[in-house]
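> Once you've had a glance at the structure underneath, I'll fire off some questions.
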Amino acid sequence: MLQSKTRWQVAAADEDVVDQLINELHITPLVAKLLANRGLRTPEAARSFLLINEQDFHDPFLLKGMDLAVDRIKEAIHNKEKIRIFGDYDADGVSSTTVLMETLQMMGANVEFYIPNRFTEGYGPNEAAFRLAAQNDVRLLITVDTGISALNEAKLARELGMDYIVTDHHEPGPELPDALAIIHPKLEGNTYPFKDLAGVGVAFKLAHALLGYVPEKMLEIAAIGTIADLVPLYGENRLIAAKGISMLRKTSRPGILALIKKAGLQQQALDEESVGFSMAPRINAAGRLDTADPAVELLMAQDMHTAEMLAAEIDALNKERQEIVAEISEAAIKEVEANFPLSENSVIVVGKEGWNAGVIGIVASRLVERFYRPTIVLSYDPVKGLAKGSARSIAGFDLYKNLSECRDILPHFGGHPMAAGMTLKIEDVGQLRERLHALANEQLTAEDFIPVTKLDGVTSIQDISVKTIEEMAMLAPFGMNNPKPKILVEEAAVASIRKIGSNQNHLKLQLGDSNASLDGVGFGIGHLYEQISPISTISVVGELSINEWNNMRKPQIFVQDVAVTHWQLFDYRGIDRVQHWLPNVPADNARIIVFSKESLNRFPFLNENRNVTHIKNIAEAENIEVNGKSIVLLDMPGSKEILEAVFKNKQPARIYTHFYQQQEHFFSTLPTREHFKWFYSYLAKKGPVDIKRDGNDIAKYRGWSRDTIDFISKVFFELDFVTIDNGLMRLNKNTDKRDLSDAPSFKRKQQQIELDKELLYSSYAQLFEWFDHLVREVPSLEEETAQWT
């Protein structure tokens, strides 16, 4: 067996819905399942989803407060009042700031932007920034991607004589800021049809309302912020992302062109992954390490020279950010392993002075990947006595809801169910850890701490084709709530498997048979090569793609996880270097069996191994725990019966055969009846024979080994044909006729030779069958994979 590293949860599609989608949309079964699993249960809904570029944007005035905001902004433009846009320092905030800045500039506004410094000001609106705005004669202050939790700052804006408009998408608290207008899709009483806009989505709706038309040229900016902020990519978010990616592929905006070039991307091939993993991290890097202003200036740049300079600046910041993340992640992992054992910490809360507050969110994500616990990473400022933190969560633990239970020690916090930011006193960190740990223990079970992989369906290799994969691309752009499809291929034969890569850390395999095959690549899972036996059937989870090579197009799967649901045989017979292959055996469930004490002398390093068991008789063999274990048979058993007793009606996960023995019985001579007949006649003719003295001469005369003489002598003695007194052998007279097989030594020799033949010199397939008939029948795949459905 091979346990998958995550829990597989397969979405169960309604077959009637799938059949209807297949028949009416003329799509492949797999794509029909994907649509049904995304809640698109009618042909109309599915067609609308697939033809996303034909959809329209909602009326922005359906957003509560939009009319008030538009009227006040237009009034400010008309009166030449100074307007300041207050943004956030992440990619969503930078995009939001850019969209609204360009919109107001197009309308002739006297407008400027302000993004707080993460390190000196912290997250969100702050008193100093608002007082500075008032001193600069700002009459209208508009937040983008922030502000919904800034209650005191809203009151201050009113006191300072500034009108204040909040546009945000973060979770609203029980009390809202006292603002002229709040534009937020999740406000109570809001009739807007789509609730999950990113911050830039809200800014885009405001731009739409101000201009009176959809600002198509802003979509490429809106797409960056929407994809970067990991909001659900369905509904209007998907429309923004899809149309925005199309705009990005043909943009002439200098800042984006410079960013594409610096990231080493191909403009015509841009997709959501290019944006999310290459462009957005560079935009984010500016605000993570310094001020976010260069990122806004890059997106708004009017000439290539300026754009290229700014792109180079933030690219350098991104490289520095990567180095800092690696350093802090390593330190944080050591901190968890040393001081916060997972058995005692359902939520990880770690912090240290000097950790860069700009990257701790990324570090929190790394710790979630490593330990799969809700995680908060904090940067301590001992001068101010404050800890600034970022949090990431796992399924089943709503960060915003649970942090809300700790409001009394969190003067500033905000976010979503899966991500949040906060500031608190350093002295309160221990209390926060304890309270979140208690809340997690009430809400999470042991199973919740096993990562989950949500799968879109189970498919056979026969159903995977280039056409299917091309149709799947119509579901793009992929993201939150519309993930890139992951599928399960069950119980596939392995036609070939090998390690690849300079460090041999990747896996290359071919699944299937002559009727249908599927190529697979598993990056970073090369270590599984030693965990998959030659004739295993495997179940794999991964993403499908088309491999183009030499003008040929073939389906392939990027393998992310593997499971084997039946017991496996690993054959190490004849491979002497036990120390080299023994580490391939999973240490957590290994059981190393030796039948001879001499084997422990032969392999002295095993004497300190707690997993070694010396079996001396059948009773011990029957009682050994085998079920679910990886059993190593280090040496040859004394008999077939003792080996059968180890496995009879039991279910090991794996069997590793080495079968070391000092003497190979199969290739030693079993004397024939002619051997016995001649030696008997020799004794009858010569009389008493001194075996000790003359044994070697007799063997040499006959061309036999001395072992043959000794063996025949022992058999004769056991059959009472002779007596042996101090090496002197003489025949017994009047002895009853007996068969050679009546002698225990002869019988044992026969059995040992047969056992060698069956265990040592059989083929892999024969050995597998020998064990397979002993072990209990493995549960059906349906039972074994019940957890996946």
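So you can find residues: chains in the structure tokens are A, B, ... in the order shown, residues in each start at 1, and ligands are numbered from 1 in order.
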I'd like a table as JSON lines: residues in segment 384-487 of chain A with an atom no more than 12 Å from segment 100-121 of chain A, each row giving the shortest atom pair and its distance in Å to one decimal, only C-alpha atoms counted, sorted by chain and rising residue number.


{"residue": "A:Lys384", "atom": "CA", "partner": "A:Thr120", "partner_atom": "CA", "distance": 11.3}
{"residue": "A:Ala387", "atom": "CA", "partner": "A:Phe119", "partner_atom": "CA", "distance": 11.8}
{"residue": "A:Lys388", "atom": "CA", "partner": "A:Phe119", "partner_atom": "CA", "distance": 9.6}
{"residue": "A:Gly389", "atom": "CA", "partner": "A:Arg118", "partner_atom": "CA", "distance": 11.6}
{"residue": "A:Gly421", "atom": "CA", "partner": "A:Arg118", "partner_atom": "CA", "distance": 11.9}
{"residue": "A:Thr423", "atom": "CA", "partner": "A:Glu121", "partner_atom": "CA", "distance": 11.6}

> Based on the backbone DSSP call, show me all residues of segment 538-607 of chain A assigned strand (DSSP E or B), as an NGL selection string.

:A and (538-549 or 552-564 or 568-571 or 590-594)

> Arg38 of chain A: which residues within 9 Å, counting only C-alpha atoms, same-chain residues fewer than 2 positions away excluded, as a list in words?

Lys33, Leu34, Leu35, Ala36, Leu40, Arg41, Asp456, Asn481 and Asn482 of chain A

> Export, as an mmCIF file, in the first residue's frame, the selected residues with all heavy atoms.


data_model
loop_
_atom_site.group_PDB
_atom_site.id
_atom_site.type_symbol
_atom_site.label_atom_id
_atom_site.label_comp_id
_atom_site.auth_asym_id
_atom_site.auth_seq_id
_atom_site.Cartn_x
_atom_site.Cartn_y
_atom_site.Cartn_z
ATOM 1 N N LYS A 33 -19.114 16.872 -16.096
ATOM 2 C CA LYS A 33 -18.999 16.656 -14.647
ATOM 3 C C LYS A 33 -18.419 17.884 -13.958
ATOM 4 O O LYS A 33 -18.877 18.284 -12.886
ATOM 5 C CB LYS A 33 -18.102 15.442 -14.371
ATOM 6 C CG LYS A 33 -18.711 14.103 -14.706
ATOM 7 C CD LYS A 33 -17.714 12.978 -14.384
ATOM 8 C CE LYS A 33 -18.257 11.628 -14.796
ATOM 9 N NZ LYS A 33 -17.272 10.540 -14.535
ATOM 10 N N LEU A 34 -17.406 18.490 -14.580
ATOM 11 C CA LEU A 34 -16.781 19.668 -13.984
ATOM 12 C C LEU A 34 -17.789 20.800 -13.839
ATOM 13 O O LEU A 34 -17.827 21.489 -12.812
ATOM 14 C CB LEU A 34 -15.602 20.130 -14.848
ATOM 15 C CG LEU A 34 -14.426 19.166 -15.000
ATOM 16 C CD1 LEU A 34 -13.380 19.750 -15.945
ATOM 17 C CD2 LEU A 34 -13.803 18.848 -13.662
ATOM 18 N N LEU A 35 -18.606 21.001 -14.853
ATOM 19 C CA LEU A 35 -19.615 22.059 -14.801
ATOM 20 C C LEU A 35 -20.657 21.763 -13.726
ATOM 21 O O LEU A 35 -21.028 22.643 -12.942
ATOM 22 C CB LEU A 35 -20.286 22.210 -16.167
ATOM 23 C CG LEU A 35 -19.398 22.778 -17.278
ATOM 24 C CD1 LEU A 35 -20.054 22.593 -18.642
ATOM 25 C CD2 LEU A 35 -19.120 24.256 -17.032
ATOM 26 N N ALA A 36 -21.115 20.512 -13.673
ATOM 27 C CA ALA A 36 -22.119 20.136 -12.678
ATOM 28 C C ALA A 36 -21.579 20.312 -11.267
ATOM 29 O O ALA A 36 -22.290 20.780 -10.364
ATOM 30 C CB ALA A 36 -22.572 18.693 -12.905
ATOM 31 N N LEU A 40 -23.351 24.364 -11.837
ATOM 32 C CA LEU A 40 -23.990 24.767 -13.095
ATOM 33 C C LEU A 40 -24.854 23.618 -13.589
ATOM 34 O O LEU A 40 -24.423 22.779 -14.374
ATOM 35 C CB LEU A 40 -22.904 25.152 -14.106
ATOM 36 C CG LEU A 40 -21.971 26.252 -13.596
ATOM 37 C CD1 LEU A 40 -20.698 26.319 -14.422
ATOM 38 C CD2 LEU A 40 -22.676 27.593 -13.599
ATOM 39 N N ARG A 41 -26.058 23.582 -13.114
ATOM 40 C CA ARG A 41 -26.904 22.400 -13.269
ATOM 41 C C ARG A 41 -27.855 22.475 -14.455
ATOM 42 O O ARG A 41 -28.573 21.523 -14.736
ATOM 43 C CB ARG A 41 -27.698 22.175 -11.983
ATOM 44 C CG ARG A 41 -26.809 21.966 -10.762
ATOM 45 C CD ARG A 41 -27.631 21.798 -9.494
ATOM 46 N NE ARG A 41 -28.555 20.674 -9.588
ATOM 47 C CZ ARG A 41 -28.221 19.403 -9.358
ATOM 48 N NH1 ARG A 41 -26.964 19.110 -9.018
ATOM 49 N NH2 ARG A 41 -29.115 18.445 -9.468
ATOM 50 N N ASP A 456 -12.436 17.001 -8.820
ATOM 51 C CA ASP A 456 -13.617 17.281 -9.628
ATOM 52 C C ASP A 456 -14.278 16.030 -10.169
ATOM 53 O O ASP A 456 -15.402 16.095 -10.658
ATOM 54 C CB ASP A 456 -13.242 18.191 -10.796
ATOM 55 C CG ASP A 456 -12.880 19.576 -10.326
ATOM 56 O OD1 ASP A 456 -13.791 20.394 -10.138
ATOM 57 O OD2 ASP A 456 -11.685 19.846 -10.127
ATOM 58 N N ASN A 481 -12.837 29.086 -5.835
ATOM 59 C CA ASN A 481 -14.206 28.665 -6.160
ATOM 60 C C ASN A 481 -14.385 28.247 -7.618
ATOM 61 O O ASN A 481 -15.460 27.823 -8.012
ATOM 62 C CB ASN A 481 -15.233 29.743 -5.802
ATOM 63 C CG ASN A 481 -15.482 29.831 -4.315
ATOM 64 O OD1 ASN A 481 -14.543 29.780 -3.532
ATOM 65 N ND2 ASN A 481 -16.733 29.952 -3.905
ATOM 66 N N ASN A 482 -13.352 28.396 -8.421
ATOM 67 C CA ASN A 482 -13.326 27.824 -9.767
ATOM 68 C C ASN A 482 -11.915 27.308 -9.997
ATOM 69 O O ASN A 482 -11.174 27.805 -10.841
ATOM 70 C CB ASN A 482 -13.711 28.854 -10.830
ATOM 71 C CG ASN A 482 -13.683 28.255 -12.233
ATOM 72 O OD1 ASN A 482 -14.049 27.092 -12.441
ATOM 73 N ND2 ASN A 482 -13.234 29.035 -13.200
#

> Just list as a VMD selection string whatever in segment 22-233 of chain A DSSP marks as helix (DSSP H, G or I).

chain A and resid 22 to 25 29 to 37 43 to 50 52 to 54 60 to 62 66 to 78 91 to 106 127 to 135 151 to 159 199 to 211 216 to 228

> Excluding Ala295 of chain A and residues on its chain fewer than 6 positions from it, collect all residues at most 9 Å away from it, counting only C-alpha atoms, and give them as a list in words.

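Skipping anything fewer than 6 positions along the chain leaves Ala91, Val94, Ser95, Arg282, Ile283, Asn284, Ala285, Ala286, Gly287, Leu310, Ala311 and Ile314 of chain A.
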
> Pick from A:Leu25, A:Val99, A:Leu367, A:Ile360: nearest to Val336 of chain A, with only C-alpha atoms counted?

A:Leu367

> Counting only C-alpha atoms, which residues of segment 357-419 of chain A fall within 10 Å of segment 122-145 of chain A, and what is the closest atom pair for each with its distance in Å at one decimal, ordered by chain and rising number, as CSV?


residue,atom,partner,partner_atom,distance
A:Ala357,CA,A:Gly122,CA,9.2
A:Gly358,CA,A:Gly122,CA,9.9
A:Lys388,CA,A:Gly122,CA,8.2
A:His412,CA,A:Tyr123,CA,8.6
A:Phe413,CA,A:Tyr123,CA,9.0
A:Gly414,CA,A:Tyr123,CA,9.5

> Given the selection you just returned, output its residues as a file containing C-alpha atoms, formatted as a JSON list (two decimals), in the first residue's frame.


[["chain", "number", "residue", "atom", "x", "y", "z"],
["A", 357, "ALA", "CA", 6.43, 42.54, 8.72],
["A", 358, "GLY", "CA", 6.05, 42.80, 4.96],
["A", 388, "LYS", "CA", 2.10, 42.96, 13.96],
["A", 412, "HIS", "CA", -6.66, 46.35, 14.96],
["A", 413, "PHE", "CA", -7.55, 43.34, 12.85],
["A", 414, "GLY", "CA", -9.40, 42.50, 9.66]]

> So, with only C-alpha atoms as the atoms that count, which of A:Gly695, A:Pro483, A:Pro185, A:Pro281 lies closest to Asn37 of chain A?

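So, comparing all the options, the nearest one is A:Pro483.
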
> Expressed in Å to a single decimal, how great is the separation between atom CA of Arg573 of chain A and atom CA of Gln531 of chain A?

16.8 Å

> Can you measure atom CA of Pro604 of chain A to atom CA of Glu620 of chain A for me? One decimal in Å is fine.

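Value for the atom CA of Pro604 of chain A-atom CA of Glu620 of chain A distance: 22.4 Å.
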